[in-house]
file run_9.cif (mmCIF, C-alpha atoms)
data_start
loop_
_atom_site.label_atom_id
_atom_site.label_comp_id
_atom_site.auth_asym_id
_atom_site.auth_seq_id
_atom_site.Cartn_x
_atom_site.Cartn_y
_atom_site.Cartn_z
CA MET A 1048 103.13 165.45 105.68
CA GLN A 1049 102.06 168.36 103.52
CA TYR A 1050 99.48 170.90 104.70
CA ARG A 1051 96.80 172.87 102.90
CA THR A 1052 94.61 175.80 103.92
CA LEU A 1053 91.08 174.79 104.91
CA GLY A 1054 89.31 177.59 103.09
CA LYS A 1055 88.35 180.66 105.08
CA THR A 1056 88.85 178.89 108.40
CA GLY A 1057 92.50 179.77 107.88
CA PHE A 1058 93.54 176.43 109.40
CA ASN A 1059 96.56 174.76 107.84
CA VAL A 1060 95.54 171.11 107.92
CA SER A 1061 97.22 167.87 106.94
CA GLU A 1062 96.28 167.05 103.37
CA ILE A 1063 95.58 163.48 104.47
CA SER A 1064 93.75 163.50 107.79
CA LEU A 1065 91.61 161.01 109.71
CA GLY A 1066 87.92 160.20 109.51
CA THR A 1067 86.55 158.33 112.52
CA TRP A 1068 83.31 156.70 111.35
CA GLN A 1069 84.78 153.22 111.87
CA VAL A 1070 87.48 154.11 114.40
CA GLY A 1071 87.47 151.64 117.30
CA GLY A 1072 86.08 148.74 115.27
CA ARG A 1073 84.98 147.84 111.77
CA TRP A 1074 81.52 149.00 110.78
CA GLY A 1075 78.97 147.01 112.75
CA ASP A 1076 81.40 145.85 115.41
CA ALA A 1077 81.42 146.91 119.05
CA PHE A 1078 83.41 150.06 119.84
CA ASP A 1079 86.89 149.37 121.22
CA ASP A 1080 88.10 152.44 123.09
CA ALA A 1081 91.72 151.32 123.35
CA SER A 1082 91.90 150.58 119.63
CA ALA A 1083 90.30 153.93 118.83
CA GLU A 1084 92.87 155.79 120.93
CA GLN A 1085 95.71 153.93 119.26
CA ILE A 1086 94.43 154.80 115.78
CA ILE A 1087 94.06 158.49 116.59
CA GLU A 1088 97.45 158.67 118.33
CA THR A 1089 99.15 156.95 115.40
CA ALA A 1090 97.67 159.48 113.00
CA ILE A 1091 98.68 162.50 115.06
CA ASP A 1092 102.18 161.12 115.69
CA HIS A 1093 102.65 160.93 111.92
CA GLY A 1094 101.65 164.51 111.19
CA VAL A 1095 97.84 164.46 111.05
CA ASN A 1096 96.44 167.59 112.69
CA PHE A 1097 92.79 167.36 111.62
CA ILE A 1098 90.38 164.76 112.98
CA ASP A 1099 86.81 164.44 111.70
CA THR A 1100 84.16 162.81 113.86
CA ALA A 1101 80.41 163.05 114.55
CA ASP A 1102 78.13 162.72 117.53
CA VAL A 1103 76.38 159.68 116.01
CA TYR A 1104 79.57 157.70 115.38
CA SER A 1105 79.32 154.75 117.78
CA ASP A 1106 76.65 156.69 119.68
CA ARG A 1107 78.99 159.49 120.80
CA ALA A 1108 81.85 157.13 121.78
CA SER A 1109 84.02 158.13 118.81
CA GLU A 1110 83.59 161.84 119.52
CA ALA A 1111 84.45 161.33 123.21
CA THR A 1112 87.63 159.43 122.35
CA VAL A 1113 88.72 162.04 119.81
CA GLY A 1114 88.25 164.77 122.39
CA ARG A 1115 90.14 162.88 125.08
CA VAL A 1116 93.15 162.15 122.85
CA VAL A 1117 93.28 165.62 121.35
CA ARG A 1118 93.17 167.24 124.79
CA ARG A 1119 96.29 165.29 125.75
CA TYR A 1120 98.17 166.49 122.67
CA ARG A 1121 97.05 170.07 123.17
CA ALA A 1122 98.29 169.93 126.75
CA ARG A 1123 101.74 169.28 125.25
CA GLY A 1124 101.41 172.31 123.01
CA GLN A 1125 100.52 170.44 119.81
CA GLN A 1126 97.80 171.91 117.58
CA VAL A 1127 95.21 169.40 116.49
CA TYR A 1128 91.91 170.55 114.98
CA VAL A 1129 88.65 168.73 115.68
CA ALA A 1130 85.67 168.71 113.35
CA THR A 1131 82.44 167.11 114.48
CA LYS A 1132 78.90 166.98 113.12
CA CYS A 1133 75.35 167.30 114.39
CA GLY A 1134 71.83 166.54 113.24
CA ARG A 1135 71.73 162.83 112.48
CA PHE A 1136 70.29 161.99 115.87
CA ILE A 1137 67.07 163.66 114.69
CA GLN A 1138 64.62 160.87 113.87
CA PRO A 1139 62.94 160.72 111.53
CA GLN A 1140 65.34 162.68 109.35
CA VAL A 1141 62.90 165.37 108.21
CA ASP A 1142 63.25 169.12 107.99
CA ALA A 1143 60.67 169.72 110.74
CA GLY A 1144 63.03 168.10 113.22
CA TYR A 1145 65.70 170.71 112.58
CA THR A 1146 65.21 173.69 114.88
CA PRO A 1147 67.73 176.13 116.38
CA ALA A 1148 66.93 174.82 119.87
CA VAL A 1149 67.54 171.18 118.90
CA LEU A 1150 70.78 171.95 117.10
CA ARG A 1151 72.03 174.16 119.93
CA ASN A 1152 71.48 171.26 122.31
CA TYR A 1153 73.51 168.95 120.07
CA VAL A 1154 76.41 171.43 119.93
CA GLU A 1155 76.41 171.84 123.69
CA THR A 1156 76.26 168.06 124.15
CA SER A 1157 79.24 167.63 121.80
CA LEU A 1158 81.21 170.16 123.86
CA LYS A 1159 80.52 168.19 127.03
CA ASN A 1160 81.11 164.82 125.37
CA SER A 1161 84.44 165.83 123.85
CA GLY A 1162 85.60 167.88 126.82
CA LEU A 1163 86.63 170.68 124.47
CA GLU A 1164 86.05 174.34 125.29
CA THR A 1165 85.29 175.24 121.68
CA LEU A 1166 84.57 173.19 118.58
CA ASP A 1167 86.99 174.12 115.79
CA LEU A 1168 84.45 173.09 113.16
CA ILE A 1169 80.84 171.99 113.60
CA GLN A 1170 79.18 170.56 110.49
CA LEU A 1171 75.53 170.02 109.76
CA HIS A 1172 75.44 166.30 109.09
CA CYS A 1173 73.74 165.74 105.72
CA PRO A 1174 70.53 167.61 106.58
CA PRO A 1175 67.32 167.19 104.53
CA GLN A 1176 67.05 169.15 101.31
CA ALA A 1177 64.49 171.63 102.67
CA THR A 1178 66.77 172.63 105.55
CA TYR A 1179 69.12 174.39 103.15
CA ASP A 1180 66.41 176.97 102.48
CA ARG A 1181 66.07 178.04 106.13
CA PRO A 1182 68.33 181.00 107.02
CA GLU A 1183 67.45 180.74 110.71
CA ILE A 1184 69.21 177.38 110.92
CA PHE A 1185 72.44 178.82 109.55
CA ALA A 1186 72.12 182.01 111.61
CA LEU A 1187 72.17 179.95 114.81
CA PHE A 1188 75.83 179.15 114.25
CA ASP A 1189 76.77 182.83 114.12
CA THR A 1190 75.28 183.11 117.59
CA LEU A 1191 77.15 180.04 118.78
CA LYS A 1192 80.37 181.50 117.40
CA THR A 1193 79.77 184.76 119.26
CA GLU A 1194 79.24 182.72 122.42
CA GLY A 1195 82.61 181.03 121.90
CA LYS A 1196 81.15 177.54 121.47
CA ILE A 1197 82.28 177.07 117.88
CA ARG A 1198 84.91 178.59 115.63
CA ASN A 1199 83.50 177.65 112.24
CA LEU A 1200 80.46 176.16 110.51
CA GLY A 1201 80.60 173.58 107.76
CA VAL A 1202 78.12 171.30 106.04
CA SER A 1203 78.47 167.64 105.14
CA VAL A 1204 76.40 167.08 102.01
CA GLU A 1205 75.09 164.24 99.89
CA THR A 1206 74.68 166.12 96.60
CA ILE A 1207 76.34 168.85 94.61
CA ASP A 1208 73.09 170.85 94.62
CA GLN A 1209 73.16 170.84 98.42
CA ALA A 1210 76.78 171.96 98.41
CA LEU A 1211 75.97 174.85 96.08
CA LYS A 1212 73.05 175.90 98.29
CA ALA A 1213 75.13 175.69 101.47
CA ILE A 1214 77.93 177.94 100.26
CA GLN A 1215 75.45 180.73 99.57
CA TYR A 1216 75.51 181.30 103.33
CA PRO A 1217 78.58 183.43 104.11
CA ASN A 1218 79.25 181.68 107.42
CA VAL A 1219 79.68 178.26 105.79
CA THR A 1220 83.44 177.80 105.71
CA THR A 1221 83.74 174.16 104.59
CA ILE A 1222 81.91 171.51 102.62
CA GLN A 1223 82.43 167.81 103.24
CA ILE A 1224 81.61 165.82 100.14
CA ILE A 1225 82.15 162.38 98.61
CA PHE A 1226 84.81 162.51 95.89
CA ASN A 1227 86.85 159.63 94.51
CA MET A 1228 87.68 157.70 91.36
CA PHE A 1229 84.04 156.51 91.34
CA ARG A 1230 82.50 159.93 92.12
CA MET A 1231 84.01 162.55 89.82
CA ARG A 1232 81.19 165.03 89.28
CA PRO A 1233 82.10 167.41 92.16
CA ALA A 1234 85.28 168.40 90.32
CA GLU A 1235 83.27 169.36 87.24
CA ILE A 1236 80.57 171.43 88.92
CA PHE A 1237 81.33 172.29 92.54
CA PHE A 1238 85.06 172.75 93.03
CA GLY A 1239 85.28 175.94 91.00
CA GLU A 1240 82.42 177.55 92.93
CA ALA A 1241 84.01 176.59 96.24
CA ARG A 1242 87.28 178.15 95.13
CA LYS A 1243 85.53 181.42 94.27
CA LYS A 1244 84.07 181.63 97.78
CA ASN A 1245 87.22 180.37 99.53
CA VAL A 1246 85.33 177.40 100.96
CA GLY A 1247 87.42 174.50 102.20
CA ILE A 1248 86.70 171.06 100.74
CA ILE A 1249 86.89 168.00 102.98
CA VAL A 1250 86.77 164.79 100.94
CA ARG A 1251 85.13 161.77 102.56
CA VAL A 1252 84.67 158.18 101.33
CA PRO A 1253 87.83 158.51 99.19
CA LEU A 1254 88.13 154.74 98.80
CA ALA A 1255 84.44 154.11 98.02
CA SER A 1256 83.89 152.22 101.28
CA GLY A 1257 86.95 150.10 100.58
CA LEU A 1258 86.18 149.14 96.98
CA LEU A 1259 89.11 151.24 95.79
CA SER A 1260 91.47 149.41 98.11
CA GLY A 1261 91.57 146.72 95.45
CA LYS A 1262 91.33 144.06 98.15
CA TYR A 1263 87.69 143.02 97.79
CA SER A 1264 86.27 140.24 95.66
CA ARG A 1265 82.96 138.53 95.02
CA ALA A 1266 83.78 136.26 97.96
CA THR A 1267 84.24 139.12 100.45
CA GLN A 1268 81.74 138.93 103.30
CA PHE A 1269 80.53 141.90 105.35
CA SER A 1270 78.93 141.51 108.78
CA SER A 1271 75.20 142.08 109.17
CA GLY A 1272 75.81 145.35 111.03
CA ASP A 1273 78.12 146.71 108.32
CA HIS A 1274 76.51 149.29 106.01
CA ARG A 1275 78.27 147.58 103.10
CA HIS A 1276 75.98 144.63 103.83
CA PHE A 1277 72.64 146.31 104.56
CA ASN A 1278 72.72 149.69 102.81
CA ARG A 1279 73.64 148.96 99.20
CA GLU A 1280 70.17 150.06 98.09
CA GLY A 1281 69.85 152.88 100.63
CA ALA A 1282 67.73 151.01 103.18
CA ALA A 1283 69.17 152.98 106.13
CA PHE A 1284 70.58 156.19 104.60
CA ASP A 1285 71.62 157.58 101.25
CA LYS A 1286 73.06 154.68 99.25
CA GLY A 1287 75.70 157.02 97.87
CA GLU A 1288 77.51 156.62 101.19
CA THR A 1289 77.98 152.89 100.50
CA PHE A 1290 80.47 152.04 97.74
CA SER A 1291 79.73 155.59 96.48
CA GLY A 1292 76.45 154.23 95.14
CA VAL A 1293 78.25 151.97 92.68
CA ASP A 1294 76.93 148.48 92.02
CA TYR A 1295 79.35 146.12 93.77
CA GLU A 1296 79.92 143.77 90.81
CA THR A 1297 80.46 146.71 88.46
CA GLY A 1298 82.86 148.26 90.92
CA LEU A 1299 84.97 145.12 91.06
CA LYS A 1300 85.30 145.13 87.26
CA ALA A 1301 86.35 148.77 87.28
CA VAL A 1302 88.89 148.16 90.03
CA GLU A 1303 90.63 145.46 87.99
CA GLU A 1304 91.16 147.91 85.15
CA LEU A 1305 92.30 150.65 87.54
CA LYS A 1306 94.94 148.33 88.99
CA ALA A 1307 96.44 147.88 85.55
CA LEU A 1308 97.10 151.64 85.29
CA PHE A 1309 99.56 151.73 88.16
CA PRO A 1310 102.79 149.90 89.08
CA ALA A 1311 102.12 146.25 89.86
CA ASP A 1312 103.94 146.42 93.19
CA SER A 1313 101.86 149.33 94.49
CA ASP A 1314 98.60 149.54 96.41
CA LEU A 1315 95.56 150.88 94.54
CA ALA A 1316 94.30 152.51 97.76
CA ALA A 1317 97.36 154.74 97.92
CA TRP A 1318 96.96 155.81 94.30
CA ALA A 1319 93.25 156.46 94.86
CA LEU A 1320 94.12 158.83 97.70
CA ARG A 1321 96.90 160.46 95.65
CA TRP A 1322 94.39 160.94 92.82
CA VAL A 1323 92.16 162.98 95.14
CA LEU A 1324 95.12 165.18 96.07
CA MET A 1325 95.72 165.99 92.40
CA PHE A 1326 92.87 168.48 92.72
CA PRO A 1327 94.18 171.70 94.33
CA GLU A 1328 90.71 172.71 95.53
CA VAL A 1329 90.75 169.79 97.97
CA SER A 1330 91.85 170.95 101.42
CA THR A 1331 92.06 167.53 103.04
CA VAL A 1332 90.96 163.94 102.49
CA ILE A 1333 89.77 161.90 105.48
CA PRO A 1334 90.17 158.14 104.99
CA GLY A 1335 89.14 156.05 107.95
CA ALA A 1336 90.87 153.21 109.74
CA SER A 1337 89.58 150.36 111.87
CA ARG A 1338 93.07 149.35 113.03
CA ALA A 1339 96.19 151.39 113.78
CA LYS A 1340 98.22 149.53 111.15
CA GLN A 1341 95.91 150.93 108.45
CA VAL A 1342 96.85 154.52 109.24
CA GLN A 1343 100.42 154.62 107.92
CA PRO A 1344 99.60 153.22 104.44
CA ASN A 1345 96.97 155.94 104.05
CA LEU A 1346 99.44 158.64 105.03
CA ASP A 1347 102.12 157.23 102.72
CA ALA A 1348 99.89 158.10 99.78
CA ALA A 1349 100.93 161.73 100.20
CA LYS A 1350 104.52 160.71 99.44
CA LEU A 1351 103.69 159.23 96.04
CA ARG A 1352 104.63 161.08 92.90
CA ALA A 1353 101.93 162.96 91.06
CA LEU A 1354 99.84 160.93 88.65
CA THR A 1355 100.89 161.36 85.03
CA PRO A 1356 98.49 162.81 82.46
CA THR A 1357 98.21 159.31 80.98
CA GLU A 1358 97.22 157.87 84.35
CA MET A 1359 94.68 160.63 84.98
CA GLU A 1360 93.18 160.01 81.55
CA GLY A 1361 93.13 156.26 82.23
CA VAL A 1362 91.22 156.72 85.49
CA LYS A 1363 88.70 158.92 83.68
CA ALA A 1364 88.31 156.33 80.92
CA VAL A 1365 87.52 153.59 83.47
CA TYR A 1366 85.01 155.90 85.13
CA ASP A 1367 83.34 156.72 81.82
CA LYS A 1368 83.15 153.05 80.87
CA TYR A 1369 81.86 151.50 84.09
CA ILE A 1370 80.62 154.13 86.51
CA LYS A 1371 79.38 157.29 84.83
CA PRO A 1372 76.23 155.85 83.16
CA SER A 1373 74.65 154.76 86.43
CA VAL A 1374 76.09 157.17 89.00
CA HIS A 1375 77.16 160.50 87.52
CA HIS A 1376 73.74 162.14 87.42
CA LEU A 1377 72.55 161.04 90.88
CA TRP A 1378 74.71 163.09 93.24
#
call {"tool": "encode", "arguments": {"input": "run_9.cif", "output": "structure tokens"}}
result
Amino acid sequence: MQYRTLGKTGFNVSEISLGTWQVGGRWGDAFDDASAEQIIETAIDHGVNFIDTADVYSDRASEATVGRVVRRYRARGQQVYVATKCGRFIQPQVDAGYTPAVLRNYVETSLKNSGLETLDLIQLHCPPQATYDRPEIFALFDTLKTEGKIRNLGVSVETIDQALKAIQYPNVTTIQIIFNMFRMRPAEIFFGEARKKNVGIIVRVPLASGLLSGKYSRATQFSSGDHRHFNREGAAFDKGETFSGVDYETGLKAVEELKALFPADSDLAAWALRWVLMFPEVSTVIPGASRAKQVQPNLDAAKLRALTPTEMEGVKAVYDKYIKPSVHHLW
């Protein structure tokens, strides 16, 4: 495993880490605590030292399991960083619901739920657009840091504009953003600004909700509780979180051309993750796993050779042909 600096946090984190949205069961399935523990342990045992979770994942169950496993490893002297998120429990998701008192309560609840003394990184979880213009919200986290409840503040964003607004606050140390072969615009507009401010970049949805695994087809079925079934048009939350906002049929066509760019005996998912790591501004990428056996193939992507200029150009050509016209301007 290779490690990169997570911006001004100063943390040296595994360049491929673990996201836990679907840990303990595929999206829409019941949470399986034993499976979740096995996934997290497998990741840590293979060099992952950064785990991303959120209070809303499986209604706090994911966060609790992350905390429990990480505490065991820390007791053995192993450093594992935990990033969690707050704010998505606010319903409806409107700016008026975001207050310092409400957010403080979420942070304190996450501390209790995880059993951790301090949160290494707390991230605002895709807050409404208007919230980015409220300094008192961001100032709260300086207070929480002084109190020893958090070490760093980050923001998980939906759009580049939100990312650019967030990093105007000096205490924002990281941005979590969607970036993959189907979502290239952050590299054009945001990465350079993040580098100037020494802000760490955490890449989520690197496989476009599985589309870039190359294993889906028109016959693939998703359960009714899976966001890939019910959120393709943004019925529950921003549709950019589901298949990166790409039309499913169009995505399948693009995937077939992407496969042809790489060795026939290799997995597109691994190359998609390696593509993300070609960008030095990226601190870590956080693919998820719903089973322990999915962890190692994700981590193996870091061992692949660098993509050639021809391959990088080929990926961009597929993006320009299939994806850019309908997606590029939206996020």
call {"tool": "resolve_selection", "arguments": {"input": "run_9.cif", "expression": "the PyMOL selection byres ((chain A and resi 1264) around 12)", "output": "PyMOL selection string"}}
result
chain A and resi 1257-1263+1265-1269+1295-1303
call {"tool": "closest_atom_pairs", "arguments": {"input": "run_9.cif", "of": "segment 1115-1201 of chain A", "to": "segment 1272-1294 of chain A", "cutoff": "12 Å", "atoms": "all atoms listed in the file", "output": "JSON lines"}}
result
{"residue": "A:Arg1135", "atom": "CA", "partner": "A:Phe1284", "partner_atom": "CA", "distance": 10.4}
{"residue": "A:Gln1138", "atom": "CA", "partner": "A:Ala1283", "partner_atom": "CA", "distance": 12.0}
{"residue": "A:Pro1139", "atom": "CA", "partner": "A:Phe1284", "partner_atom": "CA", "distance": 11.3}
{"residue": "A:Gln1140", "atom": "CA", "partner": "A:Phe1284", "partner_atom": "CA", "distance": 9.6}
{"residue": "A:Cys1173", "atom": "CA", "partner": "A:Asp1285", "partner_atom": "CA", "distance": 9.5}
{"residue": "A:Pro1174", "atom": "CA", "partner": "A:Asp1285", "partner_atom": "CA", "distance": 11.4}
{"residue": "A:Pro1175", "atom": "CA", "partner": "A:Asp1285", "partner_atom": "CA", "distance": 11.0}
call {"tool": "atom_distance", "arguments": {"input": "run_9.cif", "atom1": "atom CA of Val1329 of chain A", "atom2": "atom CA of Leu1211 of chain A"}}
result
15.7 Å
call {"tool": "residues_around", "arguments": {"input": "run_9.cif", "residues": "His1376 of chain A", "least_positions_apart": "6", "cutoff": "12 Å", "atoms": "all atoms listed in the file", "output": "list in words"}}
result
Thr1206, Ile1207, Asp1208, Arg1230, Met1231, Arg1232, Pro1233, Glu1235, Ile1236, Gly1287, Gly1292 and Ile1370 of chain A
call {"tool": "resolve_selection", "arguments": {"input": "run_9.cif", "expression": "the PyMOL selection byres ((chain A and resi 1150) around 9)", "output": "list of chain:residue names"}}
result
A:Cys1133, A:Gly1134, A:Tyr1145, A:Thr1146, A:Pro1147, A:Ala1148, A:Val1149, A:Arg1151, A:Asn1152, A:Tyr1153, A:Val1154, A:Glu1155, A:Leu1171, A:Ile1184, A:Leu1187
call {"tool": "axis_aligned_box", "arguments": {"input": "run_9.cif", "around": "segment 1163-1176 of chain A", "padding_each_side": "3 Å", "output": "JSON"}}
result
{"center_x": 77.0, "center_y": 170.5, "center_z": 113.3, "size_x": 25.9, "size_y": 15.5, "size_z": 30.0}
call {"tool": "closest_residue", "arguments": {"input": "run_9.cif", "among": "A:Phe1326, A:Tyr1216, A:Phe1188, A:Phe1229", "to": "Leu1166 of chain A", "atoms": "all atoms listed in the file"}}
result
A:Phe1188
call {"tool": "resolve_selection", "arguments": {"input": "run_9.cif", "expression": "the PyMOL selection byres ((chain A and resi 1116) around 10)", "output": "PDB file with C-alpha atoms, in the frame of the given file"}}
result
ATOM      1  CA  ALA A1083      90.300 153.930 118.830  1.00  0.00           C
ATOM      2  CA  GLU A1084      92.870 155.790 120.930  1.00  0.00           C
ATOM      3  CA  GLN A1085      95.710 153.930 119.260  1.00  0.00           C
ATOM      4  CA  ILE A1087      94.060 158.490 116.590  1.00  0.00           C
ATOM      5  CA  GLU A1088      97.450 158.670 118.330  1.00  0.00           C
ATOM      6  CA  ILE A1091      98.680 162.500 115.060  1.00  0.00           C
ATOM      7  CA  ALA A1111      84.450 161.330 123.210  1.00  0.00           C
ATOM      8  CA  THR A1112      87.630 159.430 122.350  1.00  0.00           C
ATOM      9  CA  VAL A1113      88.720 162.040 119.810  1.00  0.00           C
ATOM     10  CA  GLY A1114      88.250 164.770 122.390  1.00  0.00           C
ATOM     11  CA  ARG A1115      90.140 162.880 125.080  1.00  0.00           C
ATOM     12  CA  VAL A1117      93.280 165.620 121.350  1.00  0.00           C
ATOM     13  CA  ARG A1118      93.170 167.240 124.790  1.00  0.00           C
ATOM     14  CA  ARG A1119      96.290 165.290 125.750  1.00  0.00           C
ATOM     15  CA  TYR A1120      98.170 166.490 122.670  1.00  0.00           C
ATOM     16  CA  ARG A1121      97.050 170.070 123.170  1.00  0.00           C
ATOM     17  CA  VAL A1127      95.210 169.400 116.490  1.00  0.00           C
ATOM     18  CA  SER A1161      84.440 165.830 123.850  1.00  0.00           C
TER      19      SER A1161
END
call {"tool": "atom_distance", "arguments": {"input": "run_9.cif", "atom1": "atom CA of Val1374 of chain A", "atom2": "atom CA of Ala1234 of chain A"}}
result
14.6 Å
call {"tool": "residues_around", "arguments": {"input": "run_9.cif", "residues": "Gln1223 of chain A", "least_positions_apart": "6", "cutoff": "6 Å", "atoms": "all atoms listed in the file", "output": "number ranges by chain"}}
result
A: 1203, 1248-1250
call {"tool": "closest_residue", "arguments": {"input": "run_9.cif", "among": "A:Glu1183, A:Glu1194, A:Glu1360, A:Asp1102", "to": "Asn1160 of chain A", "atoms": "only C-alpha atoms"}}
result
A:Asp1102
